[in-house]
file target_5.cif (mmCIF, C-alpha atoms)
data_model
loop_
_atom_site.label_atom_id
_atom_site.label_comp_id
_atom_site.auth_asym_id
_atom_site.auth_seq_id
_atom_site.Cartn_x
_atom_site.Cartn_y
_atom_site.Cartn_z
CA MET V 1 68.60 -20.13 71.52
CA ALA V 2 67.74 -16.46 71.93
CA ARG V 3 69.97 -16.30 74.99
CA ALA V 4 72.90 -17.77 73.11
CA LEU V 5 72.46 -15.13 70.41
CA ALA V 6 72.45 -12.31 72.95
CA GLU V 7 75.60 -13.61 74.59
CA THR V 8 77.52 -13.61 71.33
CA ARG V 9 76.93 -9.90 71.03
CA GLY V 10 78.24 -9.01 74.46
CA SER V 11 77.70 -5.79 76.36
CA SER V 12 78.19 -2.44 74.63
CA LEU V 13 81.37 -1.79 76.61
CA GLU V 14 82.79 -5.15 75.62
CA ARG V 15 81.94 -4.44 72.01
CA ALA V 16 83.56 -1.02 72.15
CA ARG V 17 86.70 -2.54 73.68
CA ASP V 18 86.76 -5.31 71.05
CA GLY V 19 86.21 -2.65 68.43
CA PHE V 20 89.36 -0.84 69.46
CA ARG V 21 91.29 -4.08 69.24
CA THR V 22 89.98 -5.54 66.00
CA GLY V 23 88.64 -2.48 64.21
CA MET V 24 85.00 -2.16 63.20
CA PRO V 25 83.09 -1.05 60.12
CA LEU V 26 81.35 2.29 60.05
CA PHE V 27 77.99 0.85 61.05
CA GLU V 28 76.15 -2.39 61.68
CA PRO V 29 72.81 -2.71 59.92
CA ARG V 30 69.78 -3.99 61.81
CA ALA V 31 68.79 -7.61 61.27
CA ASP V 32 65.95 -10.00 62.08
CA ILE V 33 66.51 -13.76 62.37
CA MET V 34 63.72 -16.33 62.18
CA GLU V 35 63.68 -20.10 62.11
CA THR V 36 61.26 -22.48 60.44
CA GLY V 37 61.36 -26.28 60.25
CA GLU V 38 63.40 -26.21 57.06
CA ALA V 39 65.50 -23.04 57.18
CA PHE V 40 66.77 -19.97 58.97
CA LEU V 41 65.53 -16.66 57.56
CA LEU V 42 67.63 -13.54 57.85
CA GLN V 43 66.49 -10.02 56.95
CA VAL V 44 69.05 -7.23 56.95
CA GLU V 45 68.24 -3.54 56.43
CA VAL V 46 70.42 -2.12 53.67
CA PRO V 47 68.82 1.19 52.62
CA ALA V 48 70.74 3.47 50.23
CA VAL V 49 72.72 0.45 49.02
CA ARG V 50 72.88 -0.23 45.28
CA PRO V 51 72.80 -3.89 44.24
CA GLU V 52 76.38 -3.63 42.94
CA ASP V 53 77.57 -2.25 46.31
CA LEU V 54 76.25 -5.20 48.33
CA ASP V 55 78.34 -8.28 49.00
CA VAL V 56 77.40 -11.50 50.81
CA THR V 57 80.05 -14.15 51.46
CA VAL V 58 80.22 -17.46 53.33
CA GLU V 59 83.57 -18.68 54.48
CA ARG V 60 84.27 -21.34 57.08
CA ASN V 61 80.90 -21.08 58.84
CA VAL V 62 80.93 -17.28 58.81
CA LEU V 63 78.38 -15.36 56.79
CA THR V 64 79.37 -11.77 56.10
CA VAL V 65 77.10 -9.06 54.73
CA ARG V 66 79.05 -6.00 53.77
CA GLY V 67 78.64 -3.06 51.48
CA ARG V 68 78.41 0.65 51.07
CA ALA V 69 75.44 2.95 51.52
CA SER V 70 75.67 5.56 48.76
CA ASP V 71 75.61 9.27 49.34
CA ILE V 72 72.34 10.90 48.39
CA GLU V 73 72.44 12.96 45.23
CA THR V 74 72.18 16.57 46.43
CA GLU V 75 73.83 18.63 43.75
CA GLY V 76 73.53 22.34 44.43
CA MET V 77 71.91 21.70 47.80
CA THR V 78 73.22 22.07 51.34
CA PRO V 79 72.27 19.82 54.26
CA LEU V 80 69.91 21.43 56.79
CA TYR V 81 70.22 18.45 59.09
CA THR V 82 71.22 14.83 58.72
CA GLU V 83 70.28 11.91 60.91
CA PHE V 84 71.64 9.01 58.94
CA GLU V 85 75.08 8.39 57.66
CA THR V 86 76.30 6.73 54.54
CA GLY V 87 79.42 4.70 53.96
CA LEU V 88 80.69 1.22 54.72
CA PHE V 89 78.88 -1.32 56.81
CA GLU V 90 79.40 -4.90 57.81
CA ARG V 91 77.50 -7.53 59.73
CA VAL V 92 78.85 -10.98 60.53
CA PHE V 93 76.88 -14.10 61.47
CA ARG V 94 78.31 -17.41 62.64
CA LEU V 95 76.64 -20.42 61.06
CA SER V 96 76.27 -23.76 62.74
CA GLU V 97 76.99 -27.10 61.08
CA ASP V 98 73.32 -27.80 60.37
CA ILE V 99 73.08 -25.20 57.56
CA VAL V 100 73.64 -26.20 53.92
CA GLN V 101 76.14 -23.46 53.15
CA ASP V 102 76.22 -23.84 49.36
CA ARG V 103 72.45 -23.51 49.09
CA ILE V 104 72.02 -20.15 50.82
CA GLU V 105 69.76 -17.87 48.78
CA ALA V 106 69.88 -14.07 48.87
CA ARG V 107 67.39 -11.54 47.55
CA HIS V 108 67.80 -7.76 47.60
CA ARG V 109 64.80 -5.47 47.19
CA ASP V 110 63.55 -2.11 48.52
CA GLY V 111 66.52 -1.64 50.81
CA LEU V 112 66.18 -5.08 52.37
CA LEU V 113 68.40 -8.12 52.01
CA ALA V 114 66.55 -11.40 52.61
CA LEU V 115 68.54 -14.59 53.05
CA VAL V 116 67.24 -18.15 53.26
CA LEU V 117 69.65 -20.59 54.90
CA PRO V 118 68.33 -24.13 54.42
CA LYS V 119 68.88 -26.72 57.13
CA LYS V 120 70.43 -30.10 56.44
CA ALA V 121 67.83 -32.80 55.93
CA ASP V 122 68.67 -34.68 59.13
CA VAL V 123 68.09 -31.66 61.37
CA ARG V 124 64.81 -30.53 59.83
CA ALA V 125 61.77 -30.59 62.03
CA ARG V 126 59.61 -33.59 61.41
CA HIS V 127 55.99 -33.89 62.24
CA ILE V 128 55.35 -36.76 64.62
CA ALA V 129 52.12 -38.57 64.13
CA ILE V 130 50.37 -39.42 67.37
CA ASN V 131 48.86 -42.87 67.26
CA LYS V 132 45.61 -43.50 68.93
CA ALA V 133 46.05 -45.85 71.89
CA MET Z 1 71.97 -21.95 64.47
CA LEU Z 2 72.77 -18.51 63.19
CA MET Z 3 74.65 -16.07 65.39
CA PRO Z 4 75.81 -12.50 64.95
CA ALA Z 5 79.54 -12.32 65.44
CA MET Z 6 82.33 -9.79 65.65
CA SER Z 7 83.77 -8.44 62.46
CA ALA Z 8 87.29 -7.56 61.42
CA PHE Z 9 87.42 -4.39 59.38
CA GLY Z 10 89.66 -1.36 59.17
CA PHE Z 11 89.92 0.67 62.35
CA ASP Z 12 87.74 3.73 62.51
CA PRO Z 13 87.74 5.89 65.66
CA PHE Z 14 84.47 7.52 64.57
CA VAL Z 15 82.72 4.19 64.98
CA GLN Z 16 83.75 4.16 68.60
CA LEU Z 17 82.50 7.71 69.08
CA ARG Z 18 79.19 6.84 67.49
CA ARG Z 19 78.87 3.72 69.60
CA LEU Z 20 79.60 5.70 72.74
CA GLU Z 21 77.01 8.29 71.75
CA ARG Z 22 74.42 5.57 71.12
CA ASP Z 23 75.20 3.83 74.38
CA MET Z 24 74.91 7.13 76.27
CA ASP Z 25 71.55 7.78 74.62
CA ARG Z 26 70.38 4.34 75.69
CA LEU Z 27 71.66 4.87 79.19
CA PHE Z 28 69.75 8.13 79.58
CA SER Z 29 66.59 6.80 77.99
CA SER Z 30 66.64 3.86 80.41
CA VAL Z 31 67.16 6.25 83.34
CA LEU Z 32 64.14 8.24 82.17
CA GLY Z 33 62.14 5.03 81.98
CA GLU Z 34 61.64 5.21 78.23
CA GLU Z 35 61.46 2.07 76.19
CA GLU Z 36 64.46 1.57 73.96
CA ALA Z 37 63.43 2.45 70.40
CA GLU Z 38 60.23 0.41 70.49
CA PHE Z 39 58.40 3.16 68.63
CA ALA Z 40 59.14 3.65 64.98
CA VAL Z 41 61.10 6.82 64.23
CA PRO Z 42 62.64 6.58 60.78
CA ALA Z 43 65.81 8.62 60.32
CA LEU Z 44 65.68 11.44 57.81
CA ASN Z 45 67.95 13.98 56.16
CA VAL Z 46 66.90 17.41 54.87
CA TYR Z 47 68.73 19.30 52.12
CA LEU Z 48 68.01 22.80 50.87
CA GLY Z 49 68.53 24.33 47.47
CA ASP Z 50 67.54 27.69 46.00
CA ASP Z 51 64.59 26.17 44.15
CA LYS Z 52 63.59 23.21 46.36
CA ALA Z 53 63.93 21.23 49.56
CA ARG Z 54 64.79 17.52 49.48
CA VAL Z 55 63.74 15.27 52.34
CA VAL Z 56 65.19 11.75 52.40
CA VAL Z 57 63.71 9.16 54.79
CA ARG Z 58 65.16 5.74 55.56
CA LEU Z 59 62.29 3.32 55.03
CA PRO Z 60 63.60 -0.13 54.07
CA GLY Z 61 60.90 -2.52 52.87
CA VAL Z 62 58.24 0.21 52.57
CA GLN Z 63 56.22 0.84 49.37
CA LEU Z 64 55.08 4.24 48.10
CA GLU Z 65 51.41 3.31 48.61
CA ASP Z 66 52.09 2.65 52.32
CA VAL Z 67 53.22 6.24 52.88
CA ASP Z 68 51.07 9.34 53.32
CA LEU Z 69 52.57 12.79 52.79
CA SER Z 70 50.95 16.08 53.73
CA THR Z 71 52.02 19.71 54.07
CA THR Z 72 50.70 22.56 56.18
CA GLY Z 73 52.52 25.83 55.58
CA ASN Z 74 56.22 25.06 55.99
CA ARG Z 75 55.62 21.73 57.67
CA LEU Z 76 55.91 18.37 55.91
CA THR Z 77 54.40 15.34 57.63
CA ILE Z 78 55.23 11.77 56.64
CA ARG Z 79 53.03 8.98 57.96
CA GLY Z 80 52.99 5.30 57.26
CA GLU Z 81 53.63 1.82 58.49
CA LEU Z 82 56.92 -0.05 58.71
CA PRO Z 83 55.95 -3.56 57.66
CA GLY Z 84 58.62 -5.50 59.60
CA SER Z 85 59.89 -8.92 58.64
CA THR Z 86 57.32 -11.50 57.69
CA ALA Z 87 57.54 -15.26 57.62
CA ARG Z 88 55.23 -18.22 57.79
CA ASP Z 89 53.16 -18.74 60.90
CA ASP Z 90 55.39 -21.57 62.12
CA ALA Z 91 58.51 -19.36 62.12
CA VAL Z 92 60.19 -18.75 65.47
CA TRP Z 93 61.89 -15.43 66.16
CA LEU Z 94 65.53 -15.71 67.17
CA ARG Z 95 66.49 -12.06 66.92
CA ARG Z 96 64.40 -8.96 66.33
CA GLU Z 97 66.19 -5.66 65.78
CA ARG Z 98 64.16 -4.16 62.95
CA ILE Z 99 61.46 -1.78 64.08
CA SER Z 100 57.93 -2.21 62.77
CA GLY Z 101 54.61 -0.49 63.22
CA PRO Z 102 53.09 2.90 62.43
CA PHE Z 103 55.27 5.98 62.25
CA SER Z 104 54.77 9.71 61.88
CA ARG Z 105 57.37 12.40 61.44
CA SER Z 106 57.12 16.11 60.76
CA VAL Z 107 59.77 18.43 59.38
CA ASP Z 108 59.65 22.22 59.59
CA LEU Z 109 61.22 23.66 56.47
CA PRO Z 110 62.69 27.17 56.45
CA PHE Z 111 60.54 28.23 53.49
CA ARG Z 112 57.13 27.65 51.90
CA VAL Z 113 56.83 24.76 49.46
CA GLU Z 114 54.39 23.93 46.69
CA ALA Z 115 52.85 20.69 47.87
CA GLU Z 116 50.95 20.09 44.63
CA LYS Z 117 54.24 20.11 42.68
CA ALA Z 118 56.02 17.79 45.11
CA ASP Z 119 57.66 14.65 43.79
CA ALA Z 120 58.16 11.51 45.91
CA ARG Z 121 59.89 8.30 44.91
CA PHE Z 122 61.58 5.26 46.45
CA GLU Z 123 65.17 4.36 45.66
CA ASN Z 124 66.71 1.31 47.36
CA GLY Z 125 64.68 1.71 50.54
CA LEU Z 126 65.02 5.50 50.71
CA LEU Z 127 62.01 7.75 50.27
CA ILE Z 128 63.14 10.86 48.40
CA ILE Z 129 60.74 13.82 48.49
CA ASP Z 130 61.42 16.93 46.41
CA LEU Z 131 59.40 19.98 47.43
CA PRO Z 132 59.71 22.95 45.05
CA ARG Z 133 59.85 26.44 46.41
CA PRO Z 134 57.37 28.91 44.86
CA GLU Z 135 58.97 30.92 42.07
CA GLU Z 136 58.24 34.28 43.74
CA ASP Z 137 59.97 33.16 46.98
CA ARG Z 138 63.19 32.00 45.39
CA PRO Z 139 66.31 34.05 45.92
CA HIS Z 140 67.10 36.41 43.07
CA ARG Z 141 70.48 37.68 42.20
CA ILE Z 142 70.76 41.46 42.29
CA GLU Z 143 72.79 42.93 39.51
CA ILE Z 144 75.47 45.24 40.81
CA LYS Z 145 76.03 47.99 38.30
CA LYS Z 146 79.42 49.33 37.76
CA ILE Z 147 79.48 53.09 37.81
CA GLU Z 148 81.87 54.42 35.27
CA ALA Z 149 84.30 56.89 36.71
CA LYS Z 150 84.20 60.15 34.84
#

call {"tool": "encode", "arguments": {"input": "target_5.cif", "output": "structure tokens"}}
result
Amino acid sequence: MARALAETRGSSLERARDGFRTGMPLFEPRADIMETGEAFLLQVEVPAVRPEDLDVTVERNVLTVRGRASDIETEGMTPLYTEFETGLFERVFRLSEDIVQDRIEARHRDGLLALVLPKKADVRARHIAINKA
Amino acid sequence: MLMPAMSAFGFDPFVQLRRLERDMDRLFSSVLGEEEAEFAVPALNVYLGDDKARVVVRLPGVQLEDVDLSTTGNRLTIRGELPGSTARDDAVWLRRERISGPFSRSVDLPFRVEAEKADARFENGLLIIDLPRPEEDRPHRIEIKKIEAK
């Protein structure tokens, strides 16, 4: 599973080449993906993003998280140095058939977006009772 | 299964430059035998005004009580712990990009600040610290007097 995920991403050179061809957003936020028996859990870092500037869509097995990180209010001040950028971002995830797409839940708090993607009942992990011989 | 995929967005050459820069950084850090961003170094911005300095740190998922701020002279030090993603014990990791663990960063400001009057707050995963400059150190405008020609 982890290997399949890595392969989707491709090497940095491949991504840069694809980026020239298809165009890319300003930045890709970091994400963690976990799996339990009942669901996939996705956590995406979205600091500096107001709730109204965050958008999550599911369309034909593709989950897209996109939005805009707001500029920091610095009226009358000048930047001494800046390490992080603001602006548009986008992150795309391909969903498999075993996710119930109309029951995906999203929660946004403290600069984190947490998504719960429930699995279809027939693919959920079941505990197998071991009978004593 | 849940897989990251390519996106289709407007073309931006700066993205490519940034990617190249990041990839070069990774290349050099791997040559030097450093681990790739396994230590937590939160990104920060510093802004200066006449009456204060503002330090903004990217700390998604962090609470104010998990952060410790201290000043020595012109230096501000921010310490804390990045909590990382949490799930039940039976959860299996499929992808881990977020950095977790303790962090410490220091910033040298170009002027003295009054630590006891500092104000720190969290806004959407950003820690915003305002450090006022002592009144006597602030720049003062010098009145230029016009000399009347006789």

call {"tool": "atom_distance", "arguments": {"input": "target_5.cif", "atom1": "CA of Val107 in chain Z", "atom2": "CA of Thr77 in chain Z"}}
result
6.4 Å

call {"tool": "atom_distance", "arguments": {"input": "target_5.cif", "atom1": "CA of Thr78 in chain V", "atom2": "CA of Gly49 in chain Z"}}
result
6.5 Å

call {"tool": "closest_residue", "arguments": {"input": "target_5.cif", "among": "Z:Thr72, Z:Ser106, Z:Ser100, Z:Thr86", "to": "Ala114 in chain V", "atoms": "only C-alpha atoms"}}
result
Z:Thr86

call {"tool": "resolve_selection", "arguments": {"input": "target_5.cif", "expression": "the PyMOL selection byres ((chain Z and resi 130-142) around 7)", "output": "list in words"}}
result
Asp50, Asp51, Lys52, Ala53, Arg54, Val55, Arg112, Val113, Glu114, Ala115, Lys117, Ala118, Asp119, Ala120, Ile128, Ile129, Glu143 and Ile144 of chain Z

call {"tool": "resolve_selection", "arguments": {"input": "target_5.cif", "expression": "the PyMOL selection byres ((chain V and resi 50-57) around 8)", "output": "list in words"}}
result
Ala48, Val49, Val58, Glu59, Leu63, Thr64, Val65, Arg66, Gly67, Arg68, Ala69, Ser70 and His108 of chain V; Asn124 of chain Z

call {"tool": "residues_around", "arguments": {"input": "target_5.cif", "residues": "Glu105 in chain V", "least_positions_apart": "2", "cutoff": "7 Å", "atoms": "only C-alpha atoms", "output": "count of residues only"}}
result
5

call {"tool": "atom_distance", "arguments": {"input": "target_5.cif", "atom1": "CA of Gly80 in chain Z", "atom2": "CA of Leu127 in chain Z"}}
result
11.7 Å

call {"tool": "resolve_selection", "arguments": {"input": "target_5.cif", "expression": "the PyMOL selection byres ((chain V and resi 45) around 10)", "output": "compact mmCIF listing (two decimals) with C-alpha atoms, in the frame of the given file"}}
result
# COMPACT_ATOMS: atom_id res chain seq x y z
CA GLU V 28 76.15 -2.39 61.68
CA PRO V 29 72.81 -2.71 59.92
CA ARG V 30 69.78 -3.99 61.81
CA ALA V 31 68.79 -7.61 61.27
CA ASP V 32 65.95 -10.00 62.08
CA GLN V 43 66.49 -10.02 56.95
CA VAL V 44 69.05 -7.23 56.95
CA VAL V 46 70.42 -2.12 53.67
CA PRO V 47 68.82 1.19 52.62
CA ALA V 48 70.74 3.47 50.23
CA VAL V 49 72.72 0.45 49.02
CA HIS V 108 67.80 -7.76 47.60
CA ASP V 110 63.55 -2.11 48.52
CA GLY V 111 66.52 -1.64 50.81
CA LEU V 112 66.18 -5.08 52.37
CA LEU V 113 68.40 -8.12 52.01
CA ALA V 114 66.55 -11.40 52.61
CA ARG Z 58 65.16 5.74 55.56
CA LEU Z 59 62.29 3.32 55.03
CA PRO Z 60 63.60 -0.13 54.07
CA GLY Z 61 60.90 -2.52 52.87
CA GLU Z 97 66.19 -5.66 65.78
CA ARG Z 98 64.16 -4.16 62.95
CA GLY Z 125 64.68 1.71 50.54

call {"tool": "residues_around", "arguments": {"input": "target_5.cif", "residues": "Phe103 in chain Z", "least_positions_apart": "5", "cutoff": "9 Å", "atoms": "only C-alpha atoms", "output": "list in words"}}
result
Phe39, Ala40, Val41, Pro42, Ile78, Arg79, Gly80, Glu81 and Leu82 of chain Z

call {"tool": "residues_around", "arguments": {"input": "target_5.cif", "residues": "Val46 in chain Z", "least_positions_apart": "5", "cutoff": "7 Å", "atoms": "all atoms listed in the file", "output": "list in words"}}
result
Pro79, Leu80, Tyr81 and Thr82 of chain V; Arg54, Val55 and Val56 of chain Z

call {"tool": "residues_around", "arguments": {"input": "target_5.cif", "residues": "Asp71 in chain V", "least_positions_apart": "4", "cutoff": "9 Å", "atoms": "all atoms listed in the file", "output": "NGL selection string"}}
result
:V and (48 or 85-87)

call {"tool": "residues_around", "arguments": {"input": "target_5.cif", "residues": "Ala43 in chain Z", "least_positions_apart": "4", "cutoff": "8 Å", "atoms": "all atoms listed in the file", "output": "PyMOL selection string"}}
result
(chain V and resi 83-84) or (chain Z and resi 57-58)

call {"tool": "axis_aligned_box", "arguments": {"input": "target_5.cif", "around": "range 114-123 of chain Z", "padding_each_side": "4 Å", "output": "AutoDock Vina command-line options"}}
result
--center_x 58.1 --center_y 14.1 --center_z 45.3 --size_x 22.2 --size_y 27.6 --size_z 13.2
